[in-house]
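*Asks:* Contents of target-v2.txt (compact mmCIF, C-alpha atoms) are below:
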# COMPACT_ATOMS: atom_id res chain seq x y z
CA MET A 207 -22.29 -32.88 -1.33
CA ALA A 208 -19.40 -31.87 0.89
CA GLN A 209 -19.24 -28.60 -0.97
CA GLN A 210 -22.76 -27.69 0.01
CA GLU A 211 -22.02 -28.45 3.64
CA VAL A 212 -19.08 -26.05 3.60
CA GLN A 213 -21.17 -23.33 1.98
CA ASN A 214 -23.96 -23.63 4.50
CA GLY A 215 -22.31 -24.19 7.81
CA GLY A 216 -18.57 -24.46 7.58
CA ALA A 217 -17.60 -20.86 6.92
CA GLU A 218 -16.37 -20.06 10.40
CA LYS A 219 -14.30 -23.20 10.74
CA VAL A 220 -12.69 -22.65 7.37
CA ALA A 221 -12.11 -18.98 8.14
CA ALA A 222 -10.13 -19.77 11.25
CA ALA A 223 -7.53 -21.48 9.08
CA VAL A 224 -7.08 -18.65 6.58
CA SER A 225 -3.48 -17.81 5.89
CA PHE A 226 -1.94 -15.21 3.64
CA THR A 227 1.20 -15.44 1.58
CA ALA A 228 1.77 -11.82 0.57
CA VAL A 229 0.65 -8.22 1.00
CA LYS A 230 1.10 -6.01 -2.05
CA PRO A 231 -0.06 -2.44 -2.52
CA GLN A 232 -1.95 -1.99 -5.76
CA ILE A 233 -2.16 1.43 -7.37
CA LEU A 234 -5.27 1.94 -9.48
CA VAL A 235 -5.07 4.60 -12.14
CA GLU A 236 -7.57 5.95 -14.57
CA SER A 237 -7.49 3.82 -17.70
CA PRO A 238 -5.35 3.78 -19.83
CA LYS A 239 -2.77 5.70 -17.80
CA ALA A 240 -1.25 2.73 -15.97
CA ASN A 241 1.59 2.60 -18.48
CA ASP A 242 2.37 6.26 -17.82
CA ALA A 243 2.29 5.54 -14.11
CA VAL A 244 4.77 2.68 -14.52
CA GLN A 245 7.12 5.00 -16.40
CA PHE A 246 6.73 7.62 -13.69
CA TYR A 247 7.58 5.19 -10.88
CA LYS A 248 10.68 4.12 -12.78
CA ALA A 249 11.82 7.72 -13.21
CA ALA A 250 10.80 9.03 -9.80
CA PHE A 251 11.81 6.15 -7.55
CA GLY A 252 13.95 3.84 -9.67
CA ALA A 253 11.33 1.07 -9.62
CA GLU A 254 11.85 -1.88 -11.96
CA GLU A 255 9.05 -3.51 -13.88
CA VAL A 256 9.29 -7.28 -13.52
CA GLY A 257 6.03 -8.40 -15.09
CA ARG A 258 2.90 -7.22 -16.78
CA THR A 259 -0.44 -8.80 -17.63
CA THR A 260 -2.78 -7.04 -20.02
CA HIS A 261 -6.42 -7.59 -20.77
CA PRO A 262 -6.45 -10.06 -23.67
CA LYS A 263 -9.82 -8.92 -24.97
CA ARG A 264 -8.68 -5.36 -25.40
CA LYS A 265 -5.51 -5.93 -27.35
CA ALA A 266 -7.07 -5.80 -30.78
CA GLU A 267 -9.59 -3.09 -30.07
CA GLN A 268 -7.52 -0.17 -28.96
CA GLU A 269 -3.99 1.11 -29.13
CA LEU A 270 -3.11 0.80 -25.47
CA PRO A 271 -4.12 -2.53 -23.97
CA LEU A 272 -5.55 -2.23 -20.48
CA ILE A 273 -3.03 -3.24 -17.86
CA LEU A 274 -4.57 -5.71 -15.45
CA SER A 275 -1.42 -5.63 -13.39
CA ALA A 276 2.12 -4.38 -13.86
CA GLU A 277 4.40 -5.72 -11.15
CA LEU A 278 7.09 -3.32 -9.98
CA LYS A 279 9.98 -3.94 -7.62
CA LEU A 280 11.45 -1.28 -5.39
CA ALA A 281 13.98 -2.02 -2.64
CA GLY A 282 12.98 -5.67 -2.82
CA PHE A 283 9.30 -4.86 -2.29
CA THR A 284 6.55 -5.45 -4.84
CA PHE A 285 3.77 -3.13 -5.80
CA LEU A 286 1.23 -3.35 -8.58
CA VAL A 287 -0.08 -0.76 -11.01
CA SER A 288 -3.40 -1.39 -12.74
CA ASP A 289 -5.72 0.36 -15.12
CA LEU A 290 -9.11 0.90 -13.58
CA SER A 291 -11.52 -0.87 -15.89
CA SER A 292 -15.21 -0.20 -15.83
CA GLU A 293 -15.83 -3.94 -15.51
CA ASP A 294 -13.88 -4.29 -12.31
CA PHE A 295 -14.85 -1.07 -10.64
CA ALA A 296 -18.13 0.72 -10.96
CA SER A 297 -16.59 3.88 -9.57
CA PRO A 298 -12.98 4.65 -8.73
CA ALA A 299 -13.97 6.77 -5.76
CA LYS A 300 -16.13 4.00 -4.41
CA SER A 301 -13.63 1.19 -4.80
CA ALA A 302 -10.30 2.84 -4.14
CA GLY A 303 -8.79 2.89 -0.71
CA SER A 304 -9.44 6.23 0.88
CA GLY A 305 -6.63 6.44 3.40
CA VAL A 306 -3.59 4.56 2.15
CA VAL A 307 -0.27 6.21 1.48
CA LEU A 308 2.94 4.43 0.54
CA CYS A 309 5.99 5.00 2.74
CA LEU A 310 9.40 4.83 1.11
CA GLU A 311 12.36 4.57 3.45
CA THR A 312 15.57 6.26 2.42
CA GLU A 313 18.59 7.82 4.06
CA ASP A 314 18.25 11.05 2.09
CA VAL A 315 14.73 12.40 2.30
CA GLU A 316 15.41 15.68 0.49
CA ALA A 317 17.19 14.06 -2.45
CA ALA A 318 14.39 11.55 -2.87
CA ILE A 319 11.79 14.32 -2.83
CA ASN A 320 13.80 16.37 -5.31
CA LYS A 321 14.04 13.43 -7.69
CA ALA A 322 10.30 12.68 -7.43
CA VAL A 323 9.43 16.33 -8.00
CA ALA A 324 11.77 16.47 -11.00
CA ALA A 325 9.84 13.50 -12.42
CA GLY A 326 6.50 15.24 -11.98
CA ALA A 327 5.37 14.76 -8.38
CA VAL A 328 4.27 17.67 -6.19
CA ALA A 329 5.77 18.16 -2.73
CA GLU A 330 3.15 18.37 0.02
CA GLY A 331 3.98 20.36 3.11
CA GLU A 332 7.31 20.58 4.88
CA VAL A 333 9.74 17.84 5.81
CA LEU A 334 8.98 17.05 9.45
CA SER A 335 11.49 15.83 11.99
CA GLY A 336 11.24 14.06 15.31
CA GLU A 337 7.87 13.75 16.98
CA GLY A 338 5.91 14.72 13.89
CA ALA A 339 7.46 11.99 11.77
CA CYS A 340 5.62 8.72 11.31
CA CYS A 341 7.91 5.86 12.20
CA GLY A 342 10.98 7.77 11.12
CA GLU A 343 13.36 10.51 12.01
CA ARG A 344 12.35 12.70 9.11
CA VAL A 345 9.40 12.52 6.77
CA GLY A 346 8.22 14.47 3.77
CA LYS A 347 5.36 13.83 1.37
CA VAL A 348 4.85 14.02 -2.35
CA LYS A 349 1.73 13.45 -4.40
CA ASP A 350 2.34 11.79 -7.74
CA PRO A 351 0.55 12.71 -10.99
CA PHE A 352 -1.83 9.77 -10.45
CA GLY A 353 -3.11 10.95 -7.08
CA VAL A 354 -1.05 8.67 -4.85
CA VAL A 355 0.66 10.18 -1.80
CA TRP A 356 4.11 8.88 -0.99
CA ALA A 357 5.66 9.48 2.43
CA ILE A 358 9.43 9.72 2.08
CA CYS A 359 10.85 8.65 5.43
CA ALA A 360 14.25 8.35 6.97
CA PRO A 361 14.03 5.28 9.17
CA ALA A 362 14.43 5.91 12.88
CA LYS A 363 17.61 4.55 14.35
CA LYS A 364 15.52 2.80 16.99
CA CYS A 365 11.86 1.96 16.88
CA ASP A 366 11.19 2.78 20.53
CA LEU A 367 11.32 6.28 21.89
CA PRO A 368 14.46 6.85 23.93
CA GLU A 369 14.03 6.36 27.66
CA ILE A 370 16.24 7.67 30.41
CA GLU A 371 17.79 4.71 32.09
CA GLY A 372 17.94 4.64 35.83
CA PRO A 373 21.32 4.38 37.55
CA VAL A 374 22.64 0.88 37.98
CA VAL A 375 22.54 0.19 41.70
CA MET B 11 30.60 26.42 0.41
CA ALA B 12 30.20 23.00 -1.08
CA GLN B 13 26.79 22.87 0.52
CA GLN B 14 25.65 25.93 -1.39
CA GLU B 15 26.88 24.43 -4.61
CA VAL B 16 24.81 21.33 -4.00
CA GLN B 17 21.73 23.38 -3.18
CA ASN B 18 22.01 25.49 -6.29
CA GLY B 19 23.10 23.14 -8.98
CA GLY B 20 23.72 19.68 -7.67
CA ALA B 21 20.19 18.45 -7.11
CA GLU B 22 20.11 16.21 -10.15
CA LYS B 23 23.45 14.60 -9.40
CA VAL B 24 22.45 13.91 -5.82
CA ALA B 25 19.04 12.65 -6.88
CA ALA B 26 20.53 10.11 -9.23
CA ALA B 27 22.05 8.34 -6.25
CA VAL B 28 18.82 8.09 -4.23
CA SER B 29 18.20 4.61 -2.95
CA PHE B 30 15.36 3.19 -0.93
CA THR B 31 15.44 0.54 1.74
CA ALA B 32 11.76 -0.30 2.17
CA VAL B 33 8.24 0.25 0.85
CA LYS B 34 5.49 0.08 3.48
CA PRO B 35 1.81 0.82 3.03
CA GLN B 36 0.52 3.20 5.69
CA ILE B 37 -3.16 3.25 6.54
CA LEU B 38 -4.38 6.60 7.84
CA VAL B 39 -7.51 6.54 9.96
CA GLU B 40 -9.55 9.26 11.53
CA SER B 41 -8.12 10.04 14.95
CA PRO B 42 -8.32 8.35 17.46
CA LYS B 43 -9.53 5.20 15.67
CA ALA B 44 -6.11 3.78 14.78
CA ASN B 45 -6.24 1.49 17.79
CA ASP B 46 -9.61 0.12 16.64
CA ALA B 47 -8.15 -0.38 13.20
CA VAL B 48 -5.22 -2.36 14.62
CA GLN B 49 -7.65 -4.62 16.49
CA PHE B 50 -9.67 -5.07 13.32
CA TYR B 51 -6.64 -6.08 11.24
CA LYS B 52 -5.72 -8.63 13.90
CA ALA B 53 -9.21 -10.13 13.88
CA ALA B 54 -9.88 -9.92 10.15
CA PHE B 55 -6.51 -10.94 8.74
CA GLY B 56 -4.50 -12.32 11.64
CA ALA B 57 -2.03 -9.43 11.55
CA GLU B 58 0.41 -9.11 14.45
CA GLU B 59 1.35 -5.81 16.03
CA VAL B 60 5.10 -5.64 16.44
CA GLY B 61 5.58 -2.01 17.47
CA ARG B 62 3.78 1.20 18.23
CA THR B 63 4.84 4.80 18.64
CA THR B 64 2.42 7.29 20.13
CA HIS B 65 2.47 11.05 20.16
CA PRO B 66 4.29 11.93 23.39
CA LYS B 67 2.62 15.31 23.75
CA ARG B 68 -0.85 13.83 23.73
CA LYS B 69 -0.40 11.17 26.36
CA ALA B 70 -1.37 13.31 29.33
CA GLU B 71 -4.10 15.27 27.61
CA GLN B 72 -6.53 12.65 26.49
CA GLU B 73 -7.47 9.07 27.16
CA LEU B 74 -6.38 7.58 23.87
CA PRO B 75 -2.92 8.72 22.83
CA LEU B 76 -2.62 9.44 19.13
CA ILE B 77 -0.86 6.63 17.31
CA LEU B 78 1.90 8.02 15.13
CA SER B 79 2.55 4.57 13.79
CA ALA B 80 1.56 1.05 14.74
CA GLU B 81 3.63 -1.51 12.87
CA LEU B 82 1.78 -4.65 11.84
CA LYS B 83 3.14 -7.82 10.27
CA LEU B 84 1.14 -10.01 7.96
CA ALA B 85 2.64 -12.87 5.96
CA GLY B 86 6.08 -11.41 6.61
CA PHE B 87 5.06 -8.01 5.19
CA THR B 88 4.87 -4.81 7.18
CA PHE B 89 2.16 -2.21 7.10
CA LEU B 90 1.56 0.81 9.30
CA VAL B 91 -1.57 2.19 10.88
CA SER B 92 -1.64 5.82 11.97
CA ASP B 93 -4.05 8.28 13.46
CA LEU B 94 -4.58 11.22 11.17
CA SER B 95 -3.57 14.23 13.20
CA SER B 96 -4.58 17.72 12.27
CA GLU B 97 -0.93 18.77 12.53
CA ASP B 98 0.26 16.34 9.89
CA PHE B 99 -2.63 16.52 7.51
CA ALA B 100 -4.76 19.53 6.79
CA SER B 101 -7.40 17.34 5.22
CA PRO B 102 -7.61 13.55 5.00
CA ALA B 103 -9.18 13.69 1.56
CA LYS B 104 -6.41 15.93 0.32
CA SER B 105 -3.51 13.97 1.72
CA ALA B 106 -4.64 10.38 1.52
CA GLY B 107 -3.84 8.28 -1.50
CA SER B 108 -6.84 8.17 -3.73
CA GLY B 109 -6.25 4.97 -5.64
CA VAL B 110 -4.37 2.50 -3.46
CA VAL B 111 -5.83 -0.83 -2.44
CA LEU B 112 -3.98 -3.56 -0.57
CA CYS B 113 -3.79 -7.01 -2.15
CA LEU B 114 -3.66 -10.01 0.14
CA GLU B 115 -2.65 -13.29 -1.45
CA THR B 116 -4.21 -16.46 -0.13
CA GLU B 117 -5.12 -19.89 -1.40
CA ASP B 118 -8.72 -19.61 -0.18
CA VAL B 119 -10.32 -16.37 -1.33
CA GLU B 120 -13.82 -17.15 -0.06
CA ALA B 121 -12.69 -18.16 3.42
CA ALA B 122 -10.58 -15.01 3.72
CA ILE B 123 -13.51 -12.83 2.64
CA ASN B 124 -15.84 -14.61 5.06
CA LYS B 125 -13.43 -14.05 7.94
CA ALA B 126 -12.98 -10.37 7.09
CA VAL B 127 -16.74 -9.87 6.78
CA ALA B 128 -17.28 -11.62 10.11
CA ALA B 129 -14.84 -9.10 11.64
CA GLY B 130 -16.76 -6.15 10.22
CA ALA B 131 -15.65 -5.63 6.61
CA VAL B 132 -18.14 -5.35 3.75
CA ALA B 133 -17.76 -7.50 0.63
CA GLU B 134 -17.64 -5.49 -2.58
CA GLY B 135 -18.89 -7.11 -5.77
CA GLU B 136 -18.42 -10.70 -6.82
CA VAL B 137 -15.34 -12.89 -6.72
CA LEU B 138 -13.90 -12.72 -10.22
CA SER B 139 -11.95 -15.46 -11.94
CA GLY B 140 -9.59 -15.62 -14.85
CA GLU B 141 -9.26 -12.61 -17.08
CA GLY B 142 -11.00 -10.26 -14.68
CA ALA B 143 -8.62 -11.02 -11.84
CA CYS B 144 -5.69 -8.72 -11.20
CA CYS B 145 -2.49 -10.73 -11.08
CA GLY B 146 -4.29 -13.78 -9.75
CA GLU B 147 -6.62 -16.61 -10.60
CA ARG B 148 -9.42 -15.37 -8.42
CA VAL B 149 -9.98 -12.04 -6.73
CA GLY B 150 -12.61 -10.59 -4.44
CA LYS B 151 -12.76 -7.30 -2.59
CA VAL B 152 -13.75 -6.14 0.85
CA LYS B 153 -13.89 -2.64 2.29
CA ASP B 154 -12.91 -2.42 5.92
CA PRO B 155 -14.65 -0.20 8.51
CA PHE B 156 -11.90 2.40 8.04
CA GLY B 157 -12.46 2.87 4.33
CA VAL B 158 -9.59 0.76 3.02
CA VAL B 159 -10.28 -1.66 0.17
CA TRP B 160 -8.50 -5.01 0.33
CA ALA B 161 -8.26 -7.21 -2.74
CA ILE B 162 -8.22 -10.86 -1.69
CA CYS B 163 -6.35 -12.70 -4.43
CA ALA B 164 -5.44 -16.26 -5.16
CA PRO B 165 -2.01 -16.05 -6.75
CA ALA B 166 -1.82 -17.17 -10.36
CA LYS B 167 0.09 -20.37 -10.95
CA LYS B 168 2.11 -18.60 -13.61
CA CYS B 169 2.67 -14.89 -14.04
CA ASP B 170 2.64 -14.93 -17.82
CA LEU B 171 -0.42 -15.65 -19.85
CA PRO B 172 -0.28 -19.12 -21.43
CA GLU B 173 0.93 -19.14 -25.00
CA ILE B 174 0.37 -21.82 -27.60
CA GLU B 175 3.71 -23.23 -28.55
CA GLY B 176 4.41 -23.83 -32.18
CA PRO B 177 5.29 -27.33 -33.33
CA VAL B 178 8.95 -28.23 -33.07
CA VAL B 179 10.22 -28.59 -36.64
I need this file expressed as structure tokens, please.
*Replies:*
Amino acid sequence: MAQQEVQNGGAEKVAAAVSFTAVKPQILVESPKANDAVQFYKAAFGAEEVGRTTHPKRKAEQELPLILSAELKLAGFTFLVSDLSSEDFASPAKSAGSGVVLCLETEDVEAAINKAVAAGAVAEGEVLSGEGACCGERVGKVKDPFGVVWAICAPAKKCDLPEIEGPVV
Amino acid sequence: MAQQEVQNGGAEKVAAAVSFTAVKPQILVESPKANDAVQFYKAAFGAEEVGRTTHPKRKAEQELPLILSAELKLAGFTFLVSDLSSEDFASPAKSAGSGVVLCLETEDVEAAINKAVAAGAVAEGEVLSGEGACCGERVGKVKDPFGVVWAICAPAKKCDLPEIEGPVV
């Protein structure tokens, strides 16, 4: 009764009250490579795996169970790594985000890039400084073996661009 | 002297000490639509813009300054929205992450999807429950007007799959 009312006419009212409790990037990789991806993120960035859920139906059928979601922690932030299953996604290209990169903040951009490259990532372009850097003093990019681009950024000392202060009168 | 030593042979030692201070998703949009994207994320998800840096060189040349980075907060999490500039990225398809979606956790998946769709997103597929849901009880997906896929998830009550406990002997 009340349920039907909500379905028919209450969507906007309900929508106004929507609240979110978390934002987590989720990396989708071609099945069954999510486990490889988890190992890569541990080696390249020092991520820690704190949880994993696998597809219960698949466990008995094949060697590597599909990973619904592996939860990784890095610098206190959470990201997820999942196997793309044909059930969830008709086409990776269709369902995957087309313009999302993951920014990692660090004090030593070059060392972080070197470590990622040693683990199997490919450096993209030069390390940029100053005006060319997104929200940072220096930024470089690597693409990991699973197609994800990581921006390695040194955080700017101040978020605002410096302004010349007028003389105190 | 010591610098040369580090460059030649010390990369692995230095890399072992790399530490990160933050992980932030960055959404790259076709220039100059980053401002539109920021407005969309405010309307669709209730994000708040807390900072913006624009490309200083562009300010005088065109009406909309290129956004190097707009910083948005949502549920205490930060994400960035940037105009793709030809200087930074030779090709969006080449540089953008190919398999990253952003998961938003909420108690009311349908209301969140309705609000996002009302703001201009397109629902993708059905809302899935249980086994099909990535790290949540229920999950639906929307693609925003800028090509980013958002997974709208109700967080699972427990992270681990339930197990049947044996009788206490």
*Asks:* Just the number, please: distance in Å from CA of Thr259 (chain A) to CA of Pro35 (chain B), one decimal.
*Replies:*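 It comes out at 22.9 Å.
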*Asks:* Select residues of chain B: the criterion is any atom within 6 Å of an atom of chain A, counting all atoms listed in the file; output as a PyMOL selection string.
*Replies:* chain B and resi 25+28+30-38+78-79+85+106-116+121-122+125+144-145+157-159
*Asks:* Which residue out of B:Val48, B:Leu82, B:Gly130, B:Val137 has the minimum interatomic distance to Val60 (chain B) when only C-alpha atoms are used?
*Replies:*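 Using only C-alpha atoms, Val60 (chain B) sits closest to B:Leu82.
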*Asks:* So how far away is CA of Ala329 (chain A) from CA of Glu343 (chain A), in Å?
*Replies:*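 Here the two named atoms are 18.3 Å from each other.
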*Asks:* Which value, in Å to one decimal, gives the distance between CA of Gly346 (chain A) and CA of Pro155 (chain B)?
*Replies:* 27.6 Å
*Asks:* As JSON, please: the centre and edge lengths in Å, to one decimal, of an axis-aligned box enclosing every listed atom of region 112-128 of chain B with 6 Å added on each side.
*Replies:*
{"center_x": -10.0, "center_y": -11.7, "center_z": 4.0, "size_x": 26.6, "size_y": 28.3, "size_z": 24.3}
